[in-house]
file query14.tsv (TSV, C-alpha atoms)
chain	number	residue	atom	x	y	z
U	1	MET	CA	112.52	104.46	86.47
U	2	LYS	CA	108.92	105.50	85.97
U	3	TYR	CA	106.64	105.64	88.98
U	4	LEU	CA	102.87	105.63	89.08
U	5	VAL	CA	101.71	107.83	91.96
U	6	THR	CA	98.00	107.51	92.66
U	7	GLY	CA	96.78	110.57	94.51
U	8	GLY	CA	99.88	112.36	93.25
U	9	ALA	CA	98.20	115.78	93.24
U	10	GLY	CA	97.46	115.48	96.95
U	11	PHE	CA	99.50	116.69	99.88
U	12	ILE	CA	101.97	113.84	100.39
U	13	GLY	CA	101.72	112.58	96.81
U	14	SER	CA	102.78	115.91	95.31
U	15	HIS	CA	105.85	116.10	97.56
U	16	LEU	CA	106.72	112.55	96.51
U	17	VAL	CA	106.38	113.56	92.86
U	18	ASP	CA	108.72	116.52	93.50
U	19	ALA	CA	111.32	114.21	95.05
U	20	LEU	CA	111.14	111.77	92.14
U	21	ARG	CA	111.50	114.58	89.62
U	22	ALA	CA	114.43	116.09	91.54
U	23	ARG	CA	116.44	112.92	91.13
U	24	GLY	CA	115.57	112.54	87.44
U	25	ASP	CA	112.88	109.86	87.60
U	26	GLU	CA	109.61	110.00	85.68
U	27	ALA	CA	106.25	110.10	87.44
U	28	LEU	CA	102.76	109.35	86.17
U	29	VAL	CA	100.19	111.01	88.41
U	30	LEU	CA	96.69	109.55	88.59
U	31	ASP	CA	94.31	111.75	90.58
U	32	ASP	CA	90.61	112.59	90.43
U	33	LEU	CA	91.24	115.95	92.14
U	34	SER	CA	88.53	115.27	94.71
U	35	THR	CA	90.88	116.37	97.50
U	36	GLY	CA	94.12	116.91	95.56
U	37	ARG	CA	94.87	120.13	93.68
U	38	LEU	CA	96.44	120.53	90.26
U	39	GLU	CA	98.39	123.55	91.53
U	40	ASN	CA	100.36	121.18	93.77
U	41	ILE	CA	102.08	119.64	90.73
U	42	GLU	CA	102.03	122.49	88.21
U	43	SER	CA	105.75	123.16	88.49
U	44	ALA	CA	106.48	119.44	88.24
U	45	LEU	CA	104.44	119.17	85.04
U	46	ASP	CA	106.62	121.83	83.44
U	47	SER	CA	109.71	119.63	83.93
U	48	GLY	CA	108.78	117.15	81.20
U	49	LEU	CA	109.31	114.29	83.66
U	50	VAL	CA	105.81	114.28	85.10
U	51	GLU	CA	102.57	113.33	83.35
U	52	PHE	CA	99.11	113.91	84.80
U	53	VAL	CA	96.05	111.77	84.17
U	54	GLU	CA	92.78	112.94	85.69
U	55	GLY	CA	90.77	109.95	86.75
U	56	SER	CA	89.79	107.68	89.62
U	57	VAL	CA	91.50	104.62	91.07
U	58	THR	CA	88.06	103.01	90.92
U	59	ASP	CA	88.31	103.01	87.10
U	60	GLU	CA	89.78	99.55	86.53
U	61	SER	CA	90.62	100.00	82.85
U	62	LEU	CA	92.36	103.32	83.47
U	63	VAL	CA	94.34	101.92	86.40
U	64	MET	CA	95.51	98.95	84.31
U	65	ASP	CA	96.68	101.27	81.53
U	66	CYS	CA	98.58	103.49	83.98
U	67	MET	CA	100.10	100.52	85.83
U	68	ALA	CA	101.28	98.97	82.57
U	69	ASP	CA	103.11	102.21	81.76
U	70	ALA	CA	105.06	102.30	85.05
U	71	ASP	CA	107.77	100.30	86.79
U	72	VAL	CA	106.68	100.87	90.40
U	73	CYS	CA	103.50	102.16	92.04
U	74	PHE	CA	103.03	104.35	95.10
U	75	HIS	CA	99.37	103.94	96.06
U	76	MET	CA	98.72	107.21	97.92
U	77	ALA	CA	95.14	107.86	96.77
U	78	ALA	CA	92.60	107.71	99.57
U	79	ALA	CA	89.83	109.64	101.23
U	80	VAL	CA	91.57	110.97	104.35
U	81	GLY	CA	90.90	113.24	107.31
U	82	VAL	CA	88.71	112.58	110.33
U	83	LYS	CA	86.25	115.33	109.38
U	84	LEU	CA	85.78	114.01	105.84
U	85	ILE	CA	85.31	110.44	107.07
U	86	VAL	CA	82.74	111.43	109.69
U	87	ASP	CA	80.79	113.63	107.28
U	88	HIS	CA	80.77	111.13	104.38
U	89	PRO	CA	81.30	107.59	105.75
U	90	LEU	CA	79.73	105.66	102.88
U	91	GLU	CA	81.43	107.55	100.06
U	92	THR	CA	84.87	107.51	101.68
U	93	THR	CA	84.71	103.84	102.67
U	94	LEU	CA	83.66	102.69	99.22
U	95	ARG	CA	86.28	104.86	97.53
U	96	ASN	CA	89.07	103.47	99.71
U	97	VAL	CA	87.98	99.82	99.45
U	98	ARG	CA	87.25	99.76	95.73
U	99	GLY	CA	90.29	101.82	94.84
U	100	CYS	CA	92.67	99.63	96.82
U	101	ASP	CA	91.14	96.45	95.42
U	102	ILE	CA	91.68	97.67	91.86
U	103	VAL	CA	95.18	99.12	92.35
U	104	THR	CA	96.62	96.18	94.31
U	105	GLY	CA	95.06	93.72	91.88
U	106	ALA	CA	96.49	95.53	88.86
U	107	SER	CA	99.99	95.74	90.33
U	108	ALA	CA	99.93	92.03	91.22
U	109	ARG	CA	98.71	90.94	87.79
U	110	LEU	CA	101.30	93.08	86.01
U	111	GLY	CA	104.15	92.20	88.37
U	112	LYS	CA	104.81	95.78	89.53
U	113	ARG	CA	106.20	96.63	92.95
U	114	LEU	CA	103.64	98.48	95.09
U	115	LEU	CA	103.98	100.66	98.17
U	116	TYR	CA	100.61	101.01	99.89
U	117	ALA	CA	100.08	104.06	102.12
U	118	SER	CA	98.08	102.97	105.15
U	119	THR	CA	97.53	104.91	108.36
U	120	SER	CA	98.07	105.04	112.10
U	121	GLU	CA	94.27	104.93	112.37
U	122	ILE	CA	94.76	101.18	111.89
U	123	TYR	CA	95.46	100.98	115.63
U	124	GLY	CA	92.07	102.48	116.49
U	125	LYS	CA	91.81	103.77	120.04
U	126	ASN	CA	94.81	101.85	121.33
U	127	GLY	CA	96.50	104.53	123.46
U	128	ARG	CA	98.40	102.22	125.79
U	129	GLY	CA	101.88	103.41	124.91
U	130	PRO	CA	104.09	103.52	121.81
U	131	LEU	CA	102.69	101.45	118.96
U	132	HIS	CA	104.79	98.90	117.08
U	133	GLU	CA	103.66	97.14	113.94
U	134	GLU	CA	102.24	94.17	115.85
U	135	SER	CA	100.31	96.24	118.41
U	136	GLU	CA	96.65	95.36	118.84
U	137	ARG	CA	93.93	97.12	116.89
U	138	ILE	CA	91.24	98.36	119.27
U	139	LEU	CA	88.17	99.64	117.48
U	140	GLY	CA	84.82	100.88	118.72
U	141	SER	CA	81.36	100.08	117.42
U	142	THR	CA	80.75	99.85	113.69
U	143	ALA	CA	78.08	102.50	114.28
U	144	THR	CA	80.87	104.98	115.14
U	145	THR	CA	81.81	106.35	111.74
U	146	ARG	CA	85.41	107.15	112.69
U	147	TRP	CA	86.29	103.46	112.63
U	148	SER	CA	85.06	102.99	109.06
U	149	TYR	CA	88.28	104.62	107.85
U	150	SER	CA	90.44	102.31	109.95
U	151	THR	CA	88.55	99.32	108.61
U	152	SER	CA	88.82	100.40	104.97
U	153	LYS	CA	92.58	100.88	105.28
U	154	ALA	CA	92.93	97.54	107.08
U	155	PHE	CA	91.20	95.96	104.08
U	156	GLY	CA	93.95	97.42	101.89
U	157	GLU	CA	96.64	95.99	104.14
U	158	ILE	CA	95.02	92.56	104.11
U	159	LEU	CA	94.86	92.63	100.32
U	160	SER	CA	98.52	93.65	100.09
U	161	PHE	CA	99.59	90.86	102.42
U	162	GLY	CA	97.36	88.38	100.61
U	163	TYR	CA	98.69	89.19	97.14
U	164	HIS	CA	102.24	88.90	98.48
U	165	LYS	CA	101.63	85.55	100.18
U	166	ASP	CA	99.55	83.92	97.46
U	167	LEU	CA	101.06	85.43	94.30
U	168	GLY	CA	104.46	86.70	95.40
U	169	ALA	CA	103.50	90.33	94.73
U	170	GLU	CA	106.21	92.80	95.75
U	171	ASN	CA	104.06	94.79	98.16
U	172	ILE	CA	105.23	97.08	100.97
U	173	ILE	CA	102.88	98.70	103.51
U	174	VAL	CA	103.53	101.92	105.40
U	175	ARG	CA	101.44	103.27	108.28
U	176	LEU	CA	101.75	107.04	108.28
U	177	PHE	CA	101.54	108.92	111.57
U	178	ASN	CA	100.34	112.52	111.21
U	179	THR	CA	102.39	113.76	108.29
U	180	VAL	CA	102.35	117.57	108.11
U	181	GLY	CA	103.85	120.34	106.00
U	182	PRO	CA	103.24	122.77	103.14
U	183	ARG	CA	100.22	122.10	100.87
U	184	GLN	CA	98.27	120.27	103.55
U	185	ALA	CA	94.67	121.43	103.73
U	186	GLY	CA	92.84	121.94	107.00
U	187	GLN	CA	89.24	121.51	105.90
U	188	TYR	CA	89.23	117.75	106.31
U	189	GLY	CA	90.29	117.71	109.96
U	190	MET	CA	94.06	118.20	109.70
U	191	VAL	CA	94.91	120.17	112.80
U	192	LEU	CA	98.17	122.01	112.01
U	193	PRO	CA	97.12	123.79	108.79
U	194	ARG	CA	93.81	124.69	110.45
U	195	PHE	CA	95.60	126.21	113.45
U	196	VAL	CA	97.95	128.16	111.18
U	197	GLN	CA	95.11	129.50	109.05
U	198	GLN	CA	93.25	130.66	112.16
U	199	ALA	CA	96.36	132.23	113.71
U	200	LEU	CA	97.26	134.18	110.57
U	201	ALA	CA	93.68	135.46	110.32
U	202	GLY	CA	93.66	136.49	113.98
U	203	ASP	CA	90.81	134.10	114.74
U	204	ASP	CA	90.53	131.89	117.79
U	205	LEU	CA	92.32	128.56	117.42
U	206	THR	CA	89.65	125.89	117.88
U	207	VAL	CA	90.93	123.01	119.98
U	208	TYR	CA	88.63	120.01	119.88
U	209	GLY	CA	88.12	118.52	123.33
U	210	ASP	CA	90.32	119.72	126.17
U	211	GLY	CA	93.56	119.67	124.15
U	212	SER	CA	95.24	117.07	126.35
U	213	GLN	CA	95.35	114.51	123.53
U	214	SER	CA	98.83	114.18	122.01
U	215	ARG	CA	100.21	113.27	118.60
U	216	CYS	CA	103.57	112.84	116.87
U	217	PHE	CA	103.86	115.05	113.79
U	218	CYS	CA	106.28	114.12	111.00
U	219	HIS	CA	107.40	116.63	108.37
U	220	VAL	CA	106.35	115.58	104.87
U	221	ASN	CA	109.96	115.74	103.64
U	222	ASP	CA	110.94	113.12	106.21
U	223	THR	CA	107.94	110.96	105.28
U	224	VAL	CA	108.86	111.09	101.59
U	225	ARG	CA	112.45	110.05	102.37
U	226	ALA	CA	111.08	107.01	104.20
U	227	LEU	CA	108.78	106.04	101.32
U	228	LEU	CA	111.59	106.26	98.78
U	229	ALA	CA	113.97	104.30	100.99
U	230	LEU	CA	111.46	101.51	101.59
U	231	VAL	CA	110.35	101.05	97.99
U	232	GLU	CA	114.00	100.55	97.01
U	233	THR	CA	114.72	98.01	99.77
U	234	ASP	CA	114.10	94.40	98.76
U	235	SER	CA	114.01	93.21	102.37
U	236	ALA	CA	110.99	95.47	102.98
U	237	ILE	CA	108.81	93.47	100.58
U	238	GLY	CA	105.91	91.70	102.28
U	239	ASP	CA	106.22	93.74	105.46
U	240	VAL	CA	104.62	96.73	107.16
U	241	PHE	CA	106.38	99.75	108.63
U	242	ASN	CA	105.42	102.63	110.89
U	243	VAL	CA	106.53	106.00	109.47
U	244	GLY	CA	106.50	109.01	111.75
U	245	SER	CA	108.20	111.09	114.38
U	246	THR	CA	108.48	109.78	117.93
U	247	GLN	CA	108.33	113.25	119.53
U	248	GLU	CA	104.92	113.75	121.14
U	249	ILE	CA	103.19	117.08	121.59
U	250	GLY	CA	99.82	117.88	123.15
U	251	ILE	CA	97.26	119.57	120.90
U	252	GLU	CA	96.89	122.47	123.33
U	253	GLU	CA	100.66	122.96	123.33
U	254	LEU	CA	100.65	122.79	119.52
U	255	ALA	CA	98.11	125.63	119.44
U	256	HIS	CA	100.30	127.76	121.73
U	257	ARG	CA	103.37	127.15	119.56
U	258	VAL	CA	101.51	128.09	116.39
U	259	ILE	CA	100.30	131.35	117.96
U	260	GLU	CA	103.83	132.18	119.11
U	261	SER	CA	105.51	131.25	115.81
U	262	ALA	CA	102.95	133.21	113.79
U	263	GLY	CA	103.26	136.26	116.01
U	264	SER	CA	99.49	136.13	116.39
U	265	SER	CA	97.21	137.62	119.02
U	266	SER	CA	94.75	134.74	118.66
U	267	GLU	CA	93.24	133.03	121.68
U	268	ILE	CA	92.35	129.36	122.13
U	269	ARG	CA	88.70	128.28	122.09
U	270	TYR	CA	87.76	124.78	123.21
U	271	VAL	CA	85.06	122.97	121.24
U	272	PRO	CA	83.41	119.77	122.56
U	273	LEU	CA	84.24	116.75	120.44
U	274	GLU	CA	80.61	115.92	119.74
U	275	GLU	CA	80.08	119.46	118.50
U	276	ALA	CA	83.16	119.35	116.28
U	277	TYR	CA	82.37	115.93	114.83
U	278	GLU	CA	79.28	114.00	115.86
U	279	PRO	CA	77.56	112.62	118.99
U	280	GLY	CA	79.46	109.64	120.36
U	281	PHE	CA	82.73	110.58	118.64
U	282	GLU	CA	85.66	108.69	120.20
U	283	GLU	CA	88.97	110.50	120.52
U	284	VAL	CA	92.35	108.81	120.93
U	285	SER	CA	94.37	110.16	123.86
U	286	HIS	CA	97.85	109.28	122.58
U	287	ARG	CA	99.30	107.96	119.35
U	288	LYS	CA	103.06	107.45	119.16
U	289	PRO	CA	104.86	105.10	116.75
U	290	VAL	CA	107.74	102.76	117.31
U	291	THR	CA	109.92	103.17	114.20
U	292	ALA	CA	112.71	100.74	115.10
U	293	LYS	CA	111.87	98.40	112.19
U	294	LEU	CA	111.99	101.22	109.65
U	295	GLU	CA	115.27	102.51	111.08
U	296	ALA	CA	116.86	99.05	111.09
U	297	THR	CA	115.69	98.28	107.54
U	298	THR	CA	116.62	101.55	105.84
U	299	GLY	CA	118.72	103.63	108.25
U	300	TRP	CA	116.01	106.32	108.18
U	301	SER	CA	115.45	108.78	110.97
U	302	PRO	CA	113.56	112.09	110.99
U	303	ARG	CA	115.61	115.24	110.44
U	304	LEU	CA	112.98	117.92	110.97
U	305	SER	CA	111.22	118.95	114.19
U	306	ILE	CA	107.64	119.98	114.90
U	307	ASP	CA	108.84	123.60	115.01
U	308	ASP	CA	110.28	123.17	111.50
U	309	SER	CA	106.89	121.90	110.37
U	310	ILE	CA	105.02	124.78	112.02
U	311	ASN	CA	107.32	127.36	110.46
U	312	ASP	CA	107.10	125.77	107.00
U	313	VAL	CA	103.29	125.67	107.11
U	314	ILE	CA	103.17	129.30	108.24
U	315	ALA	CA	105.53	130.36	105.43
U	316	PHE	CA	103.51	128.42	102.87
U	317	GLN	CA	100.17	129.87	103.93
U	318	ARG	CA	101.59	133.41	104.01
U	319	GLU	CA	103.04	133.01	100.54
U	320	LYS	CA	99.78	131.58	99.26
U	321	ALA	CA	97.82	134.50	100.73
U	322	VAL	CA	100.13	136.98	98.98
U	323	SER	CA	99.83	135.20	95.62
U	324	VAL	CA	96.02	135.15	95.86
U	325	ALA	CA	95.94	138.84	96.76

call {"tool": "encode", "arguments": {"input": "query14.tsv", "output": "structure tokens"}}
result
Amino acid sequence: MKYLVTGGAGFIGSHLVDALRARGDEALVLDDLSTGRLENIESALDSGLVEFVEGSVTDESLVMDCMADADVCFHMAAAVGVKLIVDHPLETTLRNVRGCDIVTGASARLGKRLLYASTSEIYGKNGRGPLHEESERILGSTATTRWSYSTSKAFGEILSFGYHKDLGAENIIVRLFNTVGPRQAGQYGMVLPRFVQQALAGDDLTVYGDGSQSRCFCHVNDTVRALLALVETDSAIGDVFNVGSTQEIGIEELAHRVIESAGSSSEIRYVPLEEAYEPGFEEVSHRKPVTAKLEATTGWSPRLSIDDSINDVIAFQREKAVSVA
């Protein structure tokens, strides 16, 4: 099989490419390198099973050519990260909407199975307990830039459902809950790599807000296993699945664990949300997935803990620091 992986030089995409290569499949990576890094797939390119095309998912002709050359598409390309969305709402919204419109349209016209990577941000500020796939979306004002990302990804889901219903397109949607692991960058608002970078440098770990907000972090290796299992399951077509761990941890507690695991002397510094992001920023107190549908459909369950993720990110950043030096 040959798989088109849009955003394949990014964090999750590059791990997906590694998994495909490891089992002998071919991968065609389409990435504009706006947030992805070529170094993420350099070893994969040497295998002869992976081809890289630098370009944007908003280039319709290029996407059609790449889609025609593949059997299945993983649409992972997106502008992600709360910080990036808040800082550049227009650019990120247009990139997500136009890119998804072009990729889902191309896959439908060419009859290629598509897995669309959506997000837990779909649920907005719904913090009323564990979230299943039919839970309500609760969004704030359109003037609050955080919700532009949720809306752009919802547009992609609606397109995927529409192409499936109207044209029989073999589309599968996944909502990813806080995937973490090696290669993830912290500059766009991803909390774990940022904490690790600060701890290894001996800097204060900056906790936004009071740290009482909680999340469920899923190791990227577990996320990739779920994506591969779903794309190969016919009964998953036309449906949406939460993908993530169900083990919650508070952000303050996460900071303490990173400091301990890194053997750091760093302290914790609390930064008001409006200082970290923008005035009027709305934080979500809890976000925990229900993954019963995914488990029943594929037999998947996470194998790695938050401590595994912390240790792997620490090891990765230490190794990277040594190689740069």

call {"tool": "atom_distance", "arguments": {"input": "query14.tsv", "atom1": "atom CA of Ser135 of chain U", "atom2": "atom CA of Pro193 of chain U"}}
result
29.4 Å

call {"tool": "residues_near_point", "arguments": {"input": "query14.tsv", "point": "(105.5, 121.0, 91.8)", "cutoff": "10 Å", "atoms": "all atoms listed in the file", "output": "list in words"}}
result
Ala9, Ser14, His15, Leu16, Val17, Asp18, Ala19, Arg21, Leu38, Glu39, Asn40, Ile41, Glu42, Ser43, Ala44, Leu45, Asp46, Ser47 and Val50 of chain U

call {"tool": "write_last_selection", "arguments": {"input": "query14.tsv", "atoms": "C-alpha atoms", "output": "compact mmCIF listing (two decimals), in the frame of the given file"}}
result
# COMPACT_ATOMS: atom_id res chain seq x y z
CA ALA U 9 98.20 115.78 93.24
CA SER U 14 102.78 115.91 95.31
CA HIS U 15 105.85 116.10 97.56
CA LEU U 16 106.72 112.55 96.51
CA VAL U 17 106.38 113.56 92.86
CA ASP U 18 108.72 116.52 93.50
CA ALA U 19 111.32 114.21 95.05
CA ARG U 21 111.50 114.58 89.62
CA LEU U 38 96.44 120.53 90.26
CA GLU U 39 98.39 123.55 91.53
CA ASN U 40 100.36 121.18 93.77
CA ILE U 41 102.08 119.64 90.73
CA GLU U 42 102.03 122.49 88.21
CA SER U 43 105.75 123.16 88.49
CA ALA U 44 106.48 119.44 88.24
CA LEU U 45 104.44 119.17 85.04
CA ASP U 46 106.62 121.83 83.44
CA SER U 47 109.71 119.63 83.93
CA VAL U 50 105.81 114.28 85.10

call {"tool": "closest_residue", "arguments": {"input": "query14.tsv", "among": "U:Leu131, U:Ile12, U:Ile251, U:Ala169", "to": "Leu192 of chain U", "atoms": "only C-alpha atoms"}}
result
U:Ile251

call {"tool": "atom_distance", "arguments": {"input": "query14.tsv", "atom1": "atom CA of Thr233 of chain U", "atom2": "atom CA of Ala77 of chain U"}}
result
22.1 Å

call {"tool": "closest_residue", "arguments": {"input": "query14.tsv", "among": "U:Arg215, U:Arg194, U:Arg23, U:Arg183", "to": "Val284 of chain U", "atoms": "only C-alpha atoms"}}
result
U:Arg215

call {"tool": "closest_residue", "arguments": {"input": "query14.tsv", "among": "U:Gly7, U:Gly140, U:Gly162, U:Gly186", "to": "Asn126 of chain U", "atoms": "all atoms listed in the file"}}
result
U:Gly140

call {"tool": "atom_distance", "arguments": {"input": "query14.tsv", "atom1": "atom CA of Leu4 of chain U", "atom2": "atom CA of Glu51 of chain U"}}
result
9.6 Å

call {"tool": "residues_near_point", "arguments": {"input": "query14.tsv", "point": "(90.3, 121.0, 125.3)", "cutoff": "8 Å", "atoms": "all atoms listed in the file", "output": "ChimeraX atom specification"}}
result
/U:207-212,252,270-272

call {"tool": "residues_around", "arguments": {"input": "query14.tsv", "residues": "segment 290-293 of chain U", "least_positions_apart": "6", "cutoff": "7 Å", "atoms": "all atoms listed in the file", "output": "list in words"}}
result
Pro130, Leu131, His132, Phe241, Asn242 and Val243 of chain U

call {"tool": "residues_around", "arguments": {"input": "query14.tsv", "residues": "Leu90 of chain U", "least_positions_apart": "2", "cutoff": "12 Å", "atoms": "only C-alpha atoms", "output": "VMD selection string"}}
result
chain U and resid 79 84 to 88 92 to 98 143 145 to 149 152

call {"tool": "closest_residue", "arguments": {"input": "query14.tsv", "among": "U:Glu157, U:Glu282, U:Glu319, U:Asp204", "to": "Arg269 of chain U", "atoms": "all atoms listed in the file"}}
result
U:Asp204

call {"tool": "closest_residue", "arguments": {"input": "query14.tsv", "among": "U:Ala236, U:Ile268, U:Ala154, U:Ile259", "to": "Thr206 of chain U", "atoms": "all atoms listed in the file"}}
result
U:Ile268

call {"tool": "residues_around", "arguments": {"input": "query14.tsv", "residues": "Ile102 of chain U", "least_positions_apart": "3", "cutoff": "6 Å", "atoms": "only C-alpha atoms", "output": "ChimeraX atom specification"}}
result
/U:60,99,105

call {"tool": "residues_around", "arguments": {"input": "query14.tsv", "residues": "His286 of chain U", "least_positions_apart": "2", "cutoff": "9 Å", "atoms": "all atoms listed in the file", "output": "VMD selection string"}}
result
chain U and resid 125 to 130 213 to 216 248 250 284 288

call {"tool": "residues_around", "arguments": {"input": "query14.tsv", "residues": "segment 116-120 of chain U", "least_positions_apart": "6", "cutoff": "6 Å", "atoms": "only C-alpha atoms", "output": "count of residues only"}}
result
8

call {"tool": "closest_residue", "arguments": {"input": "query14.tsv", "among": "U:Gly202, U:Gly168, U:Val57, U:Val313", "to": "Ala185 of chain U", "atoms": "all atoms listed in the file"}}
result
U:Val313

call {"tool": "decode", "arguments": {"input": "query14.tsv", "residues": "segment 139-206 of chain U", "atoms": "C-alpha atoms", "output": "PDB file, in the first residue's frame"}}
result
ATOM      1  CA  LEU U 139     -18.191  27.619  22.006  1.00  0.00           C
ATOM      2  CA  GLY U 140     -17.696  31.201  23.090  1.00  0.00           C
ATOM      3  CA  SER U 141     -17.990  34.369  21.047  1.00  0.00           C
ATOM      4  CA  THR U 142     -16.654  34.459  17.508  1.00  0.00           C
ATOM      5  CA  ALA U 143     -14.583  37.424  18.692  1.00  0.00           C
ATOM      6  CA  THR U 144     -12.606  35.024  20.927  1.00  0.00           C
ATOM      7  CA  THR U 145      -9.908  33.784  18.582  1.00  0.00           C
ATOM      8  CA  ARG U 146      -9.462  30.437  20.338  1.00  0.00           C
ATOM      9  CA  TRP U 147     -12.755  29.205  18.906  1.00  0.00           C
ATOM     10  CA  SER U 148     -11.724  29.900  15.316  1.00  0.00           C
ATOM     11  CA  TYR U 149      -9.628  26.724  15.407  1.00  0.00           C
ATOM     12  CA  SER U 150     -12.536  24.643  16.691  1.00  0.00           C
ATOM     13  CA  THR U 151     -14.746  26.052  13.969  1.00  0.00           C
ATOM     14  CA  SER U 152     -12.229  25.409  11.183  1.00  0.00           C
ATOM     15  CA  LYS U 153     -11.802  21.786  12.253  1.00  0.00           C
ATOM     16  CA  ALA U 154     -15.572  21.355  12.558  1.00  0.00           C
ATOM     17  CA  PHE U 155     -15.806  22.516   8.942  1.00  0.00           C
ATOM     18  CA  GLY U 156     -13.479  19.652   8.012  1.00  0.00           C
ATOM     19  CA  GLU U 157     -15.626  17.153   9.878  1.00  0.00           C
ATOM     20  CA  ILE U 158     -18.775  18.419   8.187  1.00  0.00           C
ATOM     21  CA  LEU U 159     -17.125  18.086   4.783  1.00  0.00           C
ATOM     22  CA  SER U 160     -15.988  14.550   5.583  1.00  0.00           C
ATOM     23  CA  PHE U 161     -19.461  13.524   6.704  1.00  0.00           C
ATOM     24  CA  GLY U 162     -21.028  15.251   3.698  1.00  0.00           C
ATOM     25  CA  TYR U 163     -18.795  13.558   1.130  1.00  0.00           C
ATOM     26  CA  HIS U 164     -19.495  10.209   2.779  1.00  0.00           C
ATOM     27  CA  LYS U 165     -23.269  10.701   2.839  1.00  0.00           C
ATOM     28  CA  ASP U 166     -23.676  12.243  -0.602  1.00  0.00           C
ATOM     29  CA  LEU U 167     -20.929  10.487  -2.581  1.00  0.00           C
ATOM     30  CA  GLY U 168     -20.123   7.397  -0.534  1.00  0.00           C
ATOM     31  CA  ALA U 169     -16.581   8.610   0.197  1.00  0.00           C
ATOM     32  CA  GLU U 170     -14.680   6.309   2.553  1.00  0.00           C
ATOM     33  CA  ASN U 171     -13.962   8.942   5.196  1.00  0.00           C
ATOM     34  CA  ILE U 172     -13.024   8.377   8.842  1.00  0.00           C
ATOM     35  CA  ILE U 173     -12.694  11.178  11.410  1.00  0.00           C
ATOM     36  CA  VAL U 174     -10.546  11.101  14.536  1.00  0.00           C
ATOM     37  CA  ARG U 175     -10.599  13.663  17.343  1.00  0.00           C
ATOM     38  CA  LEU U 176      -7.164  13.727  18.927  1.00  0.00           C
ATOM     39  CA  PHE U 177      -6.846  14.545  22.627  1.00  0.00           C
ATOM     40  CA  ASN U 178      -3.466  16.034  23.587  1.00  0.00           C
ATOM     41  CA  THR U 179      -1.051  13.741  21.792  1.00  0.00           C
ATOM     42  CA  VAL U 180       2.479  14.128  23.185  1.00  0.00           C
ATOM     43  CA  GLY U 181       5.927  12.639  22.667  1.00  0.00           C
ATOM     44  CA  PRO U 182       9.312  13.108  20.988  1.00  0.00           C
ATOM     45  CA  ARG U 183       9.554  15.722  18.192  1.00  0.00           C
ATOM     46  CA  GLN U 184       6.702  17.815  19.541  1.00  0.00           C
ATOM     47  CA  ALA U 185       7.563  21.509  19.608  1.00  0.00           C
ATOM     48  CA  GLY U 186       6.593  23.789  22.463  1.00  0.00           C
ATOM     49  CA  GLN U 187       6.549  27.153  20.722  1.00  0.00           C
ATOM     50  CA  TYR U 188       2.959  26.852  19.546  1.00  0.00           C
ATOM     51  CA  GLY U 189       1.433  26.288  22.983  1.00  0.00           C
ATOM     52  CA  MET U 190       2.110  22.579  23.549  1.00  0.00           C
ATOM     53  CA  VAL U 191       2.628  22.336  27.277  1.00  0.00           C
ATOM     54  CA  LEU U 192       4.733  19.192  27.834  1.00  0.00           C
ATOM     55  CA  PRO U 193       7.663  19.982  25.509  1.00  0.00           C
ATOM     56  CA  ARG U 194       7.677  23.547  26.844  1.00  0.00           C
ATOM     57  CA  PHE U 195       7.857  22.324  30.443  1.00  0.00           C
ATOM     58  CA  VAL U 196      10.657  19.898  29.580  1.00  0.00           C
ATOM     59  CA  GLN U 197      12.666  22.551  27.762  1.00  0.00           C
ATOM     60  CA  GLN U 198      12.351  24.901  30.730  1.00  0.00           C
ATOM     61  CA  ALA U 199      13.231  22.196  33.261  1.00  0.00           C
ATOM     62  CA  LEU U 200      16.346  21.083  31.382  1.00  0.00           C
ATOM     63  CA  ALA U 201      17.497  24.705  31.107  1.00  0.00           C
ATOM     64  CA  GLY U 202      16.894  25.299  34.823  1.00  0.00           C
ATOM     65  CA  ASP U 203      14.313  27.979  34.065  1.00  0.00           C
ATOM     66  CA  ASP U 204      11.018  28.440  35.860  1.00  0.00           C
ATOM     67  CA  LEU U 205       8.209  26.310  34.445  1.00  0.00           C
ATOM     68  CA  THR U 206       5.509  28.747  33.345  1.00  0.00           C
TER      69      THR U 206
END
